[in-house]
Structure formats: C-alpha cells, structure tokens
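K.L.:
Dropping the structure in here first, questions after.
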Amino acid sequence: MSHPVSPQDASPPTSQPEPSSGSLLSVRGLKVHFPIKRGLVFDRTVGHVRAVDGVDLEIARGQTYGLVGESGCGKSTLGRGLLRLEEPTSGSVIFDGQDVAALAPEPLRLMRRRMQMVFQDPLASLDPRQSVQSSLLEPLQVHGLADADRKEFGADSSASHLAKVFSMLEVVGLPRAALAKYPHEFSGGQRQRIGIARAMILNPDLVIADEPVSALDVSVQAQVINLLEHLQELLGLTYIVIAHDLAVVRHISDTIGVMYLGQLVEEAPGDDLYARPLHPYTIALMSAIPIPDPEVEDRRERILLRGDLPSPANPPSGCRFHTRCPFRQPTRCDDEVPELRELTELAPGRRVACHYAEDILAGRVRVRDPDLVVEPVA
Amino acid sequence: MTAEAVRPQALSELMTDTLSDEHGTSLWQGAMQRLRRNPGAIIGLVIVAAFVLLAVLAPVLAPYEPATSEWISEVTPSDVPGRSPEHALGLDPFGSDLLTQLIYGARQSLIIGVVSTAFGLLGGALLGLLAGAFGGWVDTLVMRIVDILLSIPALLLAVSVAAVMGQNPLAIMIAIAAAQVPIFARLLRGSMLGQRRRDYVLASSSLGLRRRTIVMSHVLPNSLGPVIVQATLTLATAIIEVAALSYLGLGAADPAVAEWGRMLVKAQDRLQSDPHLTVLPGICIAVTALGFTLFGEALREALDPKSRR
Amino acid sequence: MSHSGSPVRDQTLTKASTRQPVNRNEVLLEVKDLSVIFQQRHGRATRAVDKVSFSVKPGEVVGIVGESGSGKSVTSMAVMGLLPSRATQIAGEANYRGRNLLTLGAKEMSDLRGREIAMVFQDPMSSLNPVIPIGLQVTEVLTRHNDISRADARGEAEDLLRRCGIPDPGRRLREYPHQLSGGMRQRALIAIALACKPALLICDEPTTALDVTIQAQVLELLKELVNDLGTAMVMITHDLGVVAGLCDFVNVMYAGRIVESAPRRELFAHPRHRYTEGLLQSIPRLDAPRGEPLTPIPGTPRDVIAWSKACAFAPRCRHAADDCVVGDLNLMPMGRGGHQVRCVHPADAPDPPQEIRR
C-alpha cells in the first residue's frame with residue numbers, strides 16, 4: 001500500500017475540531033427488531049424480537065458511557081446497532097453530525113475508521129489463521145494511517161504502517177516477538193490486548209467495548225481495565241462500555257445507563273447511581289451484586305426479584321418491569337408506559353422510567369411482599 | 001508489564017517466557033506437528049507415498065511393458081502360469097506379466113482418482129463458495145440444485161454419465177466427479193456459514209474491510225479444513241469407484257491400459273483355479289484406499305480445533 | 001437467622017425428614033493431602049491438585065477460590081469420583097463419615113451421590129438428562145429417598161421448583177431441559193440437588209452463568225439450605241464477592257495448592273498471601289467511588305513455576321525476592337482463627353517467619 005491518497009481523503013472532511021464538551025453521539029428512538037421466521041418452504045415473519053425498542057442517548061466527547069443490564073436486555077444489540085453491525089429498524093444515530101443509520105454502504109465503510117469495537121471473547125474475535133502482525137496491519141491497509149499518525153510516521157507506506165504497529169504494540173504492552181504469533185498462542189489477557197490494539201490502531205473517536213473483561217481471569221481483568229483507561233487518556237477516546245458487571249462499569253464510566261428488555265430504565269452519573277438508585281430494577285440489581293467484603297455484605301439489605309426476564313418478542317404491557325417489580329402498584333404500572341423522564345427537583349441530571357420514583361425515594365412506596373427483602377445478618 | 005523488570009535473578013532463570021521465541025506456530029504448522037506424532041498418519045502417508053511412487057515410476061519399476069499379451073500362448077482356459085523366475089507373480093489371463101499390470105494399475109487409479117477428485121472439489125467448492133458467500137436466494141438456489149444431485153445415488157449418477165459419454169477415461173472422471181460435487185458443495189457452504197457467525201467476521205466488518213476481502217481472506221481459509229479432509233477421504237472412494245465402474249464394464253475401453261478394477265473382473269471366472277489373480281488387485285485397491293483413509297482421518301484429527309494442546 | 005421469611009423458606013426444606021439429626025460439630029467431609037496428576041498423551045504429567053486438605057462440618061460453608069487452572073474444580077471432581085480413571089492418578093484421602101470416597105467402588109459412590117452428597121455444576125445441561133422432563137427428574141429423586149406417593153412427589157416437586165424461583169412450576173415440570181433458559185435450568189438442577197436433602201452439597205461455580213439478580217435468588221436459597229437443614233457445603237468459585245457473602249471458611253488456591261486459608265472475615269480484613277492481597281486490590285468494587293485506581297496483578301495465571309522449585313506465584317508477585325526460590329513452601333499458621341498462609345513475604349508481617357521454609 002503506497003498510494004499517496006488514502007481512501008478517507010476522498011470522503012468529505014468530517015472531523016472539524018469541536019469543543020470537547022460537545023456531544024459526539026446522539027441516539028434518537030433507536031430500535032433493532034429481529035424478525036421471527038417460520039414456515040417449511042417460504043419463511044413467514046410471525047413476530048419480532050424487540051431487542052432494542054426505542055433508546056435515546058447522548059454521549060459527550062471524551063466521556064465514558066456505561067451500559068448495564070442482564071443477558072437478553074439488548075445492551076449488546078444496542079452496541080452493535082450503533083455501529084450498524086446490526087441494521088437498526090428505525091431511529092437515528094447521529095455521530096459527529098452524520099446519521100450513521102442512514103449512511104450508504106461505502107461512506108459507512110469509510111466511517112468505520114472512526115468507530116471501533118472491542119469484543120468480549122478475544123479468541124473468537126481474532127481470525128485464528130491470521131498472525132498478530134497481519135491482524136494489526138489489515139485495518140491500516142484498508143484505511144491508511146489516521147491524520148494524527150501521518151505526522152509522526154510519515155505518509156502511507158508499508159514502512160510507516162509497520163512503525164505504527166510497533167508503537168501500538170508497545171502501548172498495549174506486548175513484546176515485538178508477538179507479531180509473528182497466532183491468537184491461540186497467547187493467554188486470554190494478551191489476546192484482549194491484541195483486540196484492543198487492533199481497535200485503536202486507526203485512531204478512532206468512539207470505541208464500543210462489549211464485555212471487554214468478562215471472559216478474562218479475575219487477576220487479569222484489572223490490567224485490561226487500566227489499559228482501557230490509559231488509552232482513553234492517551235488518545236482522547238469516547239467509550240461506550242457494555243457489561244453485566246456493574247462494579248466494572250461503575251469503575252470506568254462517567255454516566256451509566258441501565259437497560260431492561262430493550263429500553264433504558266435509568267441513567268445517572270455512576271456515583272449517584274450507587275448512592276441513590278431510583279428505578280426499582282436498579283435498586284434490586286445493585287443490592288444483588290456481591291461485594292468482596294464480609295463487613296459490607298453482612299450489613300446489606302437485599303431485594304430479591306422473582307422470575308425471569310419476559311420474552312422480548314412479547315414484552316409486558318405498561319411498564320415492562322411490572323411483572324417482576326417488588327414495588328409494583330395496582331393498575332397504573334400494568335397499564336401505563338412510564339416515560340424516561342428527568343427528575344428535575346429531586347435528582348437533576350438523571351433520568352428514570354418509573355411512575356413512582358419519587359415515592360420510592362421518599363419511602364412512601366415500599367416493597368409489597370416482605371419475603372422479597374432479605375434483612376442484614378448483623 | 002513493569003513488574004517483570006524487577007524480577008529477581010533466581011526467578012528469571014526458572015521462568016520460561018512463552019513469548020520469547022521469535023516464531024509463531026500457525027494453525028497449519030500446528031496441525032502438521034500433530035500429524036507427525038500420529039502413527040496412523042505416518043502409516044497412511046507411507047502407503048500413499050508408495051502408491052504415488054509406484055504410479056510415477058511404473059516404467060522404471062515394472063519388469064516388462066504393460067498389456068503386451070506377449071505370453072498369451074502360455075495361458076490356457078484352465079490354467080494361468082504362476083510364479084516363475086521370469087515372472088515374479090506369474091501371468092495375467094491375457095498373457096501379460098501380472099506384476100507389471102499391477103504396477104501400471106496404480107498409475108491408472110492415481111490419475112483417475114486425483115483428476116476426478118480435483119474436478120469434484122473444484123466444482124463443489126465453487127458452488128459452496130457461491131452459496132456460502134452470498135447467502136439468501138443464491139444460497140437457496142444452489143442448495144436445491146445440490147439437493148437434487150445428492151438425491152441420485154452416486155454410482156447410478158456415474159453409470160449414467162458414463163453411458164451418455166461413452167467409455168473413455170474422461171467420462172469416468174466426470175462421472176465420479178459429478179457424484180462428489182454435492183458433497184463438497186454442502187461441506188464448504190456449511191463450514192462457511194458456521195464461520196460467518198463468528199466474532200472475527202463481525203470484527204472484520206467493524207474495521208471497515210470490504211465484503212469480498214472478508215469472505216476471501218478470512219471466511220474461506222478458515223472453512224477449508226473440513227473440505228481438505230473430505231478430499232483426502234474422497235480419493236479413497238474414488239479409487240474404489242474407478243474399480244467398481246470398470247467392474248461393471250463401464251471402465252476405460254482400451255484393454256491395453258492396466259486397471260485394477262478390470263483385472264478383478266477379468267479374473268473372476270478363475271477365482272477357483274487361480275485366486276491370486278483376483279486377490280492381488282483386490283489387495284492393491286484395499287490397501288491404497290486404506291492409506292488415503294488413514295491419512296484423511298489423521299488430518300481431520302489434526303485440524304480439529306479441539307485437539308489443540 | 002434474623003429474617004423471618006423469604007421465597008425459599010418452606011415446608012419442603014424444613015419438614016422433618018427421614019434423615020438422622022445433624023451433629024454440627026462432627027466433621028462430615030475431611031479431605032487430606034489430595035493430589036491429582038494427569039498423565040498426558042505425550043508423556044508429560046501435570047499436577048493439577050497438589051496435597052490439598054480441608055474439612056467441612058454440617059451447617060458450614062467452605063469456599064475454594066481460585067482462577068482457571070488453579071485446580072479448584074479438579075479438587076471437587078476428584079472428591080465426587082467424577083474424574084476419568086484413565087491417565088489420572090489420585091492420591092490422598094477424602095473421608096466422608098468415616099469412609100474414604102476415593103476408594104469407594106462405582107456402585108457405592110453413585111449410591112452415595114444420589115442420596116447424601118449432591119453436586120451442582122456451572123453448566124446445568126451436562127448434569128440434566130436431556131430426554132427426561134424436568135418434573136420426572138425431580139420426582140424421581142423425591143420418591144427414591146422418601147416414602148411418598150407419585151402424586152405427593154409431584155406436588156412437592158412443584159413446590160421445590162417454585163421455591164427455587166421458577167415461575168409456573170406446574171408447566172415447567174412437563175418441559176424438557178432444552179426448553180428452559182440457562183438460569184431456569186440451573187435452578188432446576190439446584191431443585192434436583194435439594195430434593196434429596198443432601199448432607200453434603202458441592203457447588204462448582206453454581207451461579208457463574210447466571211445474571212446477578214438470579215444469582216442473588218440462588219445464593220439465598222443455598223444459604224437457607226445450610227442454615228435450616230445443616231447441610232455442609234463446599235463452594236467453588238472465582239468470585240470473591242460470592243465468597244464474602246456466603247462462606248464461613250475460605251481456601252485460596254493457586255497453581256494446584258492452597259496458598260491461604262482463613263475464616264471469612266479474617267481473610268478479607270487481613271489477607272496475608274500476596275496473591276489474595278493482589279486479587280482484592282485488583283477487582284473493582286461496587287461501593288468504591290469512581291476513579292479509585294486498581295492495582296492489577298501482573299502477568300497471567302500461565303506464568304507459573306513448579307512448586308518443587310519455588311513459590312508458584314513468585315513470577316507475578318511484586319514482593320518476590322531471591323529467597324522465594326525455595327522448594328516446597330509449607331502452609332504456616334499466622335493470625336487468628338486457623339489462618340494459614342504459604343508465603344515467604346506475607347502481607348502485614350514485619351519479620352518474615354523463618355520457619356516457613358523447610
């Protein structure tokens with residue numbers, strides 16, 4: 001690859017320097033539905049799995065947005081929908097002024113340089129027959145060096161590509177000997193470093209990390225979390241971190257969004273969310289997460305949830321959480337869909353989708369079934 | 001990892017750093033290493049190598065010219081001369097040297113087996129690639145065609161092709177290949193569809209790779225393993241099928257060409273008096289097929305991702 | 001037990017059973033110097049478990065914590081007689097009520113497994129029979145161990161499933177394992193394990209595949225089983241949070257050996273082994289404010305040295321020194337409540353105990 005003009009030069013310049021406080025990503029009414037097909041000869045669509053069902057998000061440049069929720073809540077699909085790795089059914093994803101959801105295939109392909117993804121299973125997300133060197137060079141051969149790197153490493157040529165690979169490898173803490181090796185020859189943590197290096201080598205603006213540490217050994221997770229934080233500082237990245245582990249998300253995120261059955265039920269700055277969860281689901285989720293400290297564990301009150309996640313193909317009426325909600329109030333919760341609204345007086349800057357958030361916070365609405373509350377031991 | 005810098009001397013000496021050597025082992029290299037440790041693979045490979053050598057070096061190895069019928073006068077309806085100083089295995093029913101015929105037979109089996117499998121592989125892989133790469137209606141169309149091909153018994157298909165095209169080696173090759181096409185097509189398609197769901201394909205498209213690049217340089221290479229194994233196993237079947245077609249009288253028309261299957265059928269009525277005339281070509285067919293099968297199975301095991309480490 | 005009621009408390013668990021009364025001071029399971037060596041195909045031998053000892057009393061939860069490859073699961077499989085006998089050498093003892101489980105025949109062992117000892121695995125699919133409805137699998141256990149009719153067993157099975165957090169148990173009883181979600185299967189498996197009211201329950205990562213809200217339900221259920229029936233439990237997990245809430249006594253394993261063992265509160269308040277200490281410093285805590293730095297353990301669990309040459313953790317240890325390179329470190333008592341540690345430079349120790357080295 002030695003052509004003087006790299007592919008993205010042809011596309012109109014999109015990255016004007018903006019104030020760092022501006023919003024980089026703005027999502028409106030995003031829906032990702034999967035058709036359920038049946039039929040012997042001709043497939044008939046008999047319904048839809050509403051994996052993501054109307055999500056509004058705003059993510060500021062340089063911030064980390066954490067998405068939590070249990071398996072099946074649609075958080076991974078949301079992440080993939082934002083990058084159009086799954087086709088959105090409706091809604092818009094405005095990334096730096098352009099609607100990604102409406103881009104034609106070729107502009108989308110070129111846009112991908114600026115939006116990258118880190119996957120959960122580093123072994124599955126690397127081509128088993130591709131050496132590390134080839135894995136890291138491939139994105140550069142497709143897109144060329146980013147503008148910022150071109151100053152440092154010179155114009156596009158295989159030599160400057162290789163120089164960039166070397167420097168990226170050093171940043172993620174792998175020896176040069178790793179270049180000639182194949183994914184199966186590394187440990188889980190090292191593989192995830194390769195996956196991260198591959199995502200970061202194009203100098204993206206936005207990185208979506210889908211469960212970046214959950215496949216790793218406990219003692220290795222912190223290395224990868226620290227690496228992600230270090231890279232954010234170094235490259236000025238904006239992150240969306242998707243994880244089921246609320247402790248990990250809280251550690252790394254500025255703002256946390258809690259998802260349930262394809263929708264956001266609560267959004268708040270991490271510290272506030274822990275100190276004062278407003279949505280009943282968040283309250284139960286928080287209380288369910290074990291804390292590695294017996295003193296804390298023995299003093300905690302636990303709110304248990306009943307049953308399983310309802311099917312996203314046929315979500316409950318009214319508030320989607322009402323079938324499992326320990327605070328459920330007659331009729332209104334079953335009938336009326338709660339809006340994701342800002343509690344302007346009680347908790348400014350936070351959004352929650354519950355009719356009774358204020359009442360629960362004030363203690364006016366309590367858990368109805370005492371069996372669902374596990375009192376502290378001490 | 002900064003802590004490694006302060007690691008005490010005594011510890012460093014005990015540590016074997018897994019990343020210190022410069023060379024990586026690709027999946028293929030790893031498979032080859034496992035293959036080398038597998039006795040089945042070695043035995044299979046030795047048989048296959050012997051068979052290929054026999055075929056290639058037939059003019060050097062064989063004591064006489066093939067199918068000369070030079071000693072036809074010595075053959076009587078009731079007796080075929082056995083071992084003698086001139087003929088290590090005796091004569092065949094047409095008065096040629098049996099050993100020579102067997103050695104040249106290897107040549108015939110190898111050519112027909114390899115060429116027909118190559119045809120089958122090529123055709124099948126092309127169809128499979130089409131179906132696997134595009135999916136959707138292309139996939140449905142291709143697979144229905146393959147299903148129809150598959151519903152016809154392989155030997156019957158071969159017989160009909162041979163019947164239409166007449167008795168020449170090319171017809172046999174095409175006949176055998178036609179029967180193999182659906183197997184390879186299904187295998188490659190299934191394998192590609194399995195790979196397409198893997199995360200690295202998603203990762204490739206999130207990197208902005210072109211669709212063609214993703215299919216050709218990521219999905220396809222990772223899908224080839226089962227196809228290569230199948231090709232090795234199919235070689236064994238092809239060799240047996242060549243013999244079977246000859247046995248049914250659909251083999252090469254030219255009687256001057258030595259061919260194991262025909263040797264078998266022509267010696268059939270002498271099974272009582274001279275069993276070696278049928279047993280020896282039979283053993284040749286069986287051992288060769290066994291060699292390919294052993295090697296193919298070992299290859300399957302070596303390429304299996306679960307067998308790693 | 002201060003809490004008065006919860007969804008899992010019920011007559012099924014507390015009803016007087018046919019079992020003998022539990023003596024909470026008797027040692028129910030005592031594992032002594034358990035070693036497991038796997039002979040690999042090409043002549044190499046791996047010592048997966050190396051002289052592991054621990055014991056469990058009725059009504060007690062003993063935790064075994066470790067990462068992948070630490071030998072924690074192999075330990076439980078060896079005790080339950082579930083390791084393949086080919087190419088496996090098992091040494092040591094696992095005495096259950098005076099009988100060594102490691103020397104029991106297959107028949108006696110499977111008898112004991114169904115009746116007194118139960119096991120819950122991480123992957124429920126492997127331990128449920130795929131061609132038998134869930135209901136039958138539960139009632140089978142109930143009728144085998146209790147003298148009750150099929151109809152009663154059915155009612156009780158329904159009850160058990162409901163208490164395990166399975167909604168609509170009547171319908172679920174008729175379903176096959178593949179029709180249930182992962183979390184539902186795990187709870188069905190636990191229901192089957194509870195149906196025989198085991199004296200000893202071995203749980204191998206029972207909640208790892210579950211969501212946290214489901215995990216909370218399951219852990220609550222297990223706690224009740226231990227408190228109400230006096231079941232002895234061995235809890236194998238990598239999750240220190242689960243250990244902190246559930247276990248009475250904790251064994252930390254690294255590279256096949258127990259490196260530290262202590263009562264729960266003592267372990268978390270004063271971790272002595274550098275590995276335990278490192279783990280606690282490296283995991284993000286829900287109650288820690290944003291930005292609290294994590295101190296990772298360098299390297300990977302693959303970077304080990306044979307215990308016969310040095311401390312296996314030394315390659316990853318920030319406090320490793322040349323004197324860590326000594327063969328066969330011993331577990332030495334330190335601190336309170338039977339706290340033991342296998343370390344040359346333990347945390348919070350001004351003078352490294354010299355006698356720790358042999």
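Just remember, in the structure tokens the first chain shown is A, the second B, etc., residues are 1-based per chain, and ligands are 1-based in the order shown.
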Could the residues of chain C within 7 Å of chain B, counting only C-alpha atoms, be given as a ChimeraX atom specification, please?
P.N.:
/C:298,305,315,318,321-322,325
K.L.:
Please, could you write that set of residues out with C-alpha atoms as a compact mmCIF listing (two decimals), in the first residue's frame?
P.N.:
```txt
# COMPACT_ATOMS: atom_id res chain seq x y z
CA PRO C 298 0.99 -8.54 36.53
CA ILE C 305 6.96 -22.21 38.31
CA PRO C 315 6.69 -14.74 38.77
CA ARG C 318 5.53 -7.66 43.41
CA ALA C 321 12.79 -11.90 46.14
CA ASP C 322 15.55 -14.43 45.72
CA VAL C 325 13.06 -19.55 45.20
```
K.L.:
For the contact check between chain A and chain B, emit one row per residue of chain A within 9 Å, containing the shortest atom pair and the distance in Å rounded to one decimal, counting only C-alpha atoms, chain then rising number order, as CSV.
P.N.:
```
residue,atom,partner,partner_atom,distance
A:Leu83,CA,B:Ser206,CA,7.4
A:Arg84,CA,B:Ser206,CA,8.6
A:Leu85,CA,B:Ser206,CA,6.9
A:Leu108,CA,B:Gly208,CA,8.1
A:Arg109,CA,B:Gly208,CA,4.7
A:Leu110,CA,B:Gly208,CA,6.4
A:Met111,CA,B:Gly208,CA,7.9
A:Arg112,CA,B:Gly208,CA,5.4
A:Arg113,CA,B:Leu207,CA,6.6
A:Met115,CA,B:Ser206,CA,8.0
A:Gln116,CA,B:Ser206,CA,6.5
A:Met117,CA,B:Ser206,CA,6.9
A:Val118,CA,B:Ala203,CA,8.3
A:Phe119,CA,B:Asp199,CA,7.8
A:Asp121,CA,B:Asp199,CA,8.0
A:Pro122,CA,B:Asp199,CA,8.8
A:Leu123,CA,B:Tyr200,CA,8.6
A:Ala124,CA,B:Asp199,CA,5.4
A:Ser125,CA,B:Tyr200,CA,3.8
A:Leu126,CA,B:Tyr200,CA,5.0
A:Asp127,CA,B:Tyr200,CA,5.6
A:Pro128,CA,B:Leu27,CA,7.3
A:Arg129,CA,B:Leu27,CA,6.2
A:Gln130,CA,B:Ser26,CA,7.9
A:Ser131,CA,B:Ser26,CA,7.6
A:Glu138,CA,B:Leu209,CA,8.4
A:Pro139,CA,B:Leu207,CA,6.1
A:Val142,CA,B:Leu209,CA,6.5
A:His143,CA,B:Gly208,CA,8.0
A:Gly173,CA,B:Met1,CA,6.5
A:Leu174,CA,B:Met1,CA,8.5
A:Pro175,CA,B:Leu19,CA,7.6
A:Arg176,CA,B:Glu22,CA,8.6
A:Ala177,CA,B:Glu22,CA,5.2
A:Ala178,CA,B:Leu19,CA,6.4
A:Leu179,CA,B:Gly24,CA,8.3
A:Ala180,CA,B:Gly24,CA,5.2
A:Lys181,CA,B:Gly24,CA,3.9
A:Tyr182,CA,B:Ser26,CA,5.9
A:Pro183,CA,B:Ser26,CA,8.9
A:His184,CA,B:Leu27,CA,8.5
A:Glu185,CA,B:Gly24,CA,7.7
A:Phe186,CA,B:Leu19,CA,8.1
A:Arg198,CA,B:Leu207,CA,8.6
A:Ala199,CA,B:Leu207,CA,7.6
A:Leu202,CA,B:Leu207,CA,8.8
```
K.L.:
Sorted by chain and rising residue number, which residues of chain C lie within 7 Å of chain A, and what are their closest atom pairs and distances in Å to one decimal, counting only C-alpha atoms, as JSON lines?
P.N.:
```
{"residue": "C:Ser2", "atom": "CA", "partner": "A:Val377", "partner_atom": "CA", "distance": 6.5}
{"residue": "C:His3", "atom": "CA", "partner": "A:Glu375", "partner_atom": "CA", "distance": 5.7}
{"residue": "C:Gly5", "atom": "CA", "partner": "A:Asp371", "partner_atom": "CA", "distance": 5.2}
{"residue": "C:Ser6", "atom": "CA", "partner": "A:Asp371", "partner_atom": "CA", "distance": 4.0}
{"residue": "C:Pro7", "atom": "CA", "partner": "A:Asp371", "partner_atom": "CA", "distance": 5.6}
{"residue": "C:Glu67", "atom": "CA", "partner": "A:Asp217", "partner_atom": "CA", "distance": 6.1}
{"residue": "C:Ser68", "atom": "CA", "partner": "A:Asp217", "partner_atom": "CA", "distance": 6.9}
{"residue": "C:Gly165", "atom": "CA", "partner": "A:Gly307", "partner_atom": "CA", "distance": 5.8}
{"residue": "C:Ile166", "atom": "CA", "partner": "A:Gly307", "partner_atom": "CA", "distance": 6.1}
{"residue": "C:Pro167", "atom": "CA", "partner": "A:Gly307", "partner_atom": "CA", "distance": 5.5}
{"residue": "C:Asp211", "atom": "CA", "partner": "A:Glu70", "partner_atom": "CA", "distance": 5.8}
{"residue": "C:Val212", "atom": "CA", "partner": "A:Ala288", "partner_atom": "CA", "distance": 5.9}
{"residue": "C:Thr213", "atom": "CA", "partner": "A:Ala288", "partner_atom": "CA", "distance": 5.5}
{"residue": "C:Ala216", "atom": "CA", "partner": "A:Ala288", "partner_atom": "CA", "distance": 5.3}
{"residue": "C:Gln217", "atom": "CA", "partner": "A:Leu304", "partner_atom": "CA", "distance": 6.3}
{"residue": "C:Leu240", "atom": "CA", "partner": "A:Pro292", "partner_atom": "CA", "distance": 5.2}
{"residue": "C:Gly241", "atom": "CA", "partner": "A:Pro292", "partner_atom": "CA", "distance": 3.8}
{"residue": "C:Val242", "atom": "CA", "partner": "A:Pro290", "partner_atom": "CA", "distance": 5.8}
{"residue": "C:Ala244", "atom": "CA", "partner": "A:Pro294", "partner_atom": "CA", "distance": 4.7}
{"residue": "C:Gly245", "atom": "CA", "partner": "A:Glu297", "partner_atom": "CA", "distance": 5.4}
{"residue": "C:Arg265", "atom": "CA", "partner": "A:Pro294", "partner_atom": "CA", "distance": 5.9}
{"residue": "C:Phe268", "atom": "CA", "partner": "A:Asp293", "partner_atom": "CA", "distance": 6.2}
{"residue": "C:Leu279", "atom": "CA", "partner": "A:Ser219", "partner_atom": "CA", "distance": 5.8}
{"residue": "C:Ser282", "atom": "CA", "partner": "A:Ala222", "partner_atom": "CA", "distance": 5.4}
{"residue": "C:Ile283", "atom": "CA", "partner": "A:Ala222", "partner_atom": "CA", "distance": 6.4}
{"residue": "C:Pro284", "atom": "CA", "partner": "A:Ala247", "partner_atom": "CA", "distance": 5.7}
{"residue": "C:Arg285", "atom": "CA", "partner": "A:Ala247", "partner_atom": "CA", "distance": 5.4}
{"residue": "C:Leu286", "atom": "CA", "partner": "A:Ala247", "partner_atom": "CA", "distance": 4.3}
{"residue": "C:Pro289", "atom": "CA", "partner": "A:Asp271", "partner_atom": "CA", "distance": 6.3}
{"residue": "C:Arg290", "atom": "CA", "partner": "A:His251", "partner_atom": "CA", "distance": 5.1}
{"residue": "C:Gly291", "atom": "CA", "partner": "A:His251", "partner_atom": "CA", "distance": 6.3}
{"residue": "C:Leu294", "atom": "CA", "partner": "A:Ala222", "partner_atom": "CA", "distance": 6.2}
{"residue": "C:Thr295", "atom": "CA", "partner": "A:Ala222", "partner_atom": "CA", "distance": 7.0}
{"residue": "C:Pro296", "atom": "CA", "partner": "A:Ala222", "partner_atom": "CA", "distance": 4.9}
{"residue": "C:Ile297", "atom": "CA", "partner": "A:Ser219", "partner_atom": "CA", "distance": 5.8}
{"residue": "C:Thr300", "atom": "CA", "partner": "A:Val220", "partner_atom": "CA", "distance": 6.5}
```
K.L.:
Can you work out the spacing between CA of Leu127 in chain B and CA of Phe34 in chain A in Å, to one decimal?
P.N.:
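Spanning CA of Leu127 in chain B to CA of Phe34 in chain A is a straight-line distance of 28.9 Å.
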K.L.:
Using only C-alpha atoms, can you tell me which of B:Ala158, B:Ala238, B:Val75, B:Leu303 comes closest to Ile174 in chain B?
P.N.:
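Using only C-alpha atoms, the shortest distance to Ile174 in chain B belongs to B:Ala158.
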K.L.:
Looking at only C-alpha atoms, which of C:Phe249, C:Ala151, C:Glu260, C:Gly278 is the one that sits closest to Asn330 in chain C?
P.N.:
C:Glu260
K.L.:
Give me the residues within 7 Å of His273 in chain C as a list of chain:residue names, counting only C-alpha atoms and dropping any in the same chain fewer than 4 places off.
P.N.:
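The neighbour list is C:Val259, C:Glu260, C:Glu277, C:Val341, C:Arg342, C:Cys343, C:Pro346, C:Ala347.
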K.L.:
Give me, as a VMD selection string, all polymer residues having an atom no more than 10 Å from range 45-47 of chain A, counting only C-alpha atoms and skipping those fewer than 6 positions away in the same chain.
P.N.:
chain A and resid 33 to 39 313 to 314
K.L.:
Grab the residues selected above and save them as a PDB file, in the first residue's frame with N, CA and C atoms.
P.N.:
```pdb
ATOM      1  N   HIS A  33     -35.119  -4.566  15.717  1.00  0.00           N
ATOM      2  CA  HIS A  33     -36.025  -5.706  15.848  1.00  0.00           C
ATOM      3  C   HIS A  33     -35.542  -6.831  14.946  1.00  0.00           C
ATOM      4  N   PHE A  34     -35.638  -8.046  15.454  1.00  0.00           N
ATOM      5  CA  PHE A  34     -35.296  -9.201  14.625  1.00  0.00           C
ATOM      6  C   PHE A  34     -36.566  -9.956  14.281  1.00  0.00           C
ATOM      7  N   PRO A  35     -36.772 -10.235  12.989  1.00  0.00           N
ATOM      8  CA  PRO A  35     -37.971 -10.996  12.632  1.00  0.00           C
ATOM      9  C   PRO A  35     -37.869 -12.444  13.112  1.00  0.00           C
ATOM     10  N   ILE A  36     -38.970 -12.978  13.577  1.00  0.00           N
ATOM     11  CA  ILE A  36     -39.034 -14.407  13.899  1.00  0.00           C
ATOM     12  C   ILE A  36     -39.672 -15.071  12.694  1.00  0.00           C
ATOM     13  N   LYS A  37     -38.938 -15.993  12.085  1.00  0.00           N
ATOM     14  CA  LYS A  37     -39.456 -16.579  10.848  1.00  0.00           C
ATOM     15  C   LYS A  37     -39.846 -18.019  11.064  1.00  0.00           C
ATOM     16  N   ARG A  38     -40.922 -18.389  10.413  1.00  0.00           N
ATOM     17  CA  ARG A  38     -41.367 -19.767  10.446  1.00  0.00           C
ATOM     18  C   ARG A  38     -41.851 -20.169   9.077  1.00  0.00           C
ATOM     19  N   GLY A  39     -41.973 -21.444   8.840  1.00  0.00           N
ATOM     20  CA  GLY A  39     -42.506 -21.891   7.557  1.00  0.00           C
ATOM     21  C   GLY A  39     -41.630 -22.962   6.967  1.00  0.00           C
ATOM     22  N   ALA A 313     -39.931 -10.799  22.607  1.00  0.00           N
ATOM     23  CA  ALA A 313     -40.831 -10.866  21.454  1.00  0.00           C
ATOM     24  C   ALA A 313     -42.228 -10.423  21.861  1.00  0.00           C
ATOM     25  N   ASN A 314     -42.512 -10.518  23.150  1.00  0.00           N
ATOM     26  CA  ASN A 314     -43.848 -10.231  23.623  1.00  0.00           C
ATOM     27  C   ASN A 314     -43.751  -9.516  24.968  1.00  0.00           C
TER      28      ASN A 314
END
```
K.L.:
Mind giving me the straight-line distance from CA of Leu210 in chain C to CA of Leu189 in chain C in Å, one decimal?
P.N.:
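Calculated distance between CA of Leu210 in chain C and CA of Leu189 in chain C is 13.0 Å.
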K.L.:
Write out as a list in words each polymer residue whose atoms come within 10 Å of Arg332 in chain A, counting only C-alpha atoms; drop sequence neighbours fewer than 4 positions from it.
P.N.:
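Everything that qualifies: Gly318, Cys319, His322, Arg328, Glu336, Val337, Pro338, His355 and Tyr356 of chain A.
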K.L.:
Run DSSP on the backbone of this structure and report the residues of range 164-355 of chain C it assigns to strand (DSSP E), as a PyMOL selection string.
P.N.:
chain C and resi 200-204+232-237+249-254+257-263+332-333+340-341
K.L.:
I'd like the neighbourhood of Ala193 in chain C as an MDAnalysis selection string, where a residue qualifies if any of its atoms comes within 9 Å (using only C-alpha atoms), though same-chain residues fewer than 5 positions away should be ignored.
P.N.:
chainID C and resid 114 117:120 138 141 188 198 201
K.L.:
Just C-alpha atoms for this one: save the residues we selected as a compact mmCIF listing (two decimals), in the first residue's frame.
P.N.:
```
# COMPACT_ATOMS: atom_id res chain seq x y z
CA GLY C 114 -27.76 -39.53 44.80
CA ILE C 117 -23.94 -35.97 48.51
CA ALA C 118 -25.13 -33.71 45.71
CA MET C 119 -23.25 -31.58 43.27
CA VAL C 120 -24.25 -28.50 41.30
CA VAL C 138 -37.21 -34.12 40.43
CA VAL C 141 -35.23 -38.20 43.45
CA ALA C 188 -33.98 -26.83 38.15
CA PRO C 198 -28.14 -33.81 50.84
CA LEU C 201 -23.53 -30.23 48.75
```
K.L.:
Between CA of Val27 in chain A and CA of Val55 in chain A, what is the distance in Å, rounded to a tenth?
P.N.:
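Here the two named atoms are 7.1 Å from each other.
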K.L.:
List as a list in words the protein and nucleic acid residues near Gly79 in chain A, meaning an atom at most 10 Å away when only C-alpha atoms are counted, but skip any in the same chain fewer than 3 places from it.
P.N.:
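My reading of the contact set: Val52, Leu67, Gly74, Lys75, Ser76, Leu82, Leu83, Arg84, Leu85, Glu86, Met117, Ile208, Ala209, Asp210, Ile240, Val241 and Ile242 of chain A.
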K.L.:
Can you pull out every residue from range 62-136 of chain B that DSSP, working from the backbone, puts in helix (DSSP H, G or I), and format the result as a PyMOL selection string?
P.N.:
chain B and resi 72-74+98-134+136
K.L.:
Considering only C-alpha atoms, state which residue in the set B:Ala58, B:Ile172, B:Val48, B:Ala67 is at the smallest distance from Phe94 in chain B.
P.N.:
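For Phe94 in chain B, the nearest of the candidates is B:Ala67.
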K.L.:
For Arg341 in chain A, which residue among A:His279, A:Arg191, A:His161, A:Lys31 is the nearest when counting only C-alpha atoms?
P.N.:
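Closest residue, counting only C-alpha atoms: A:His279.
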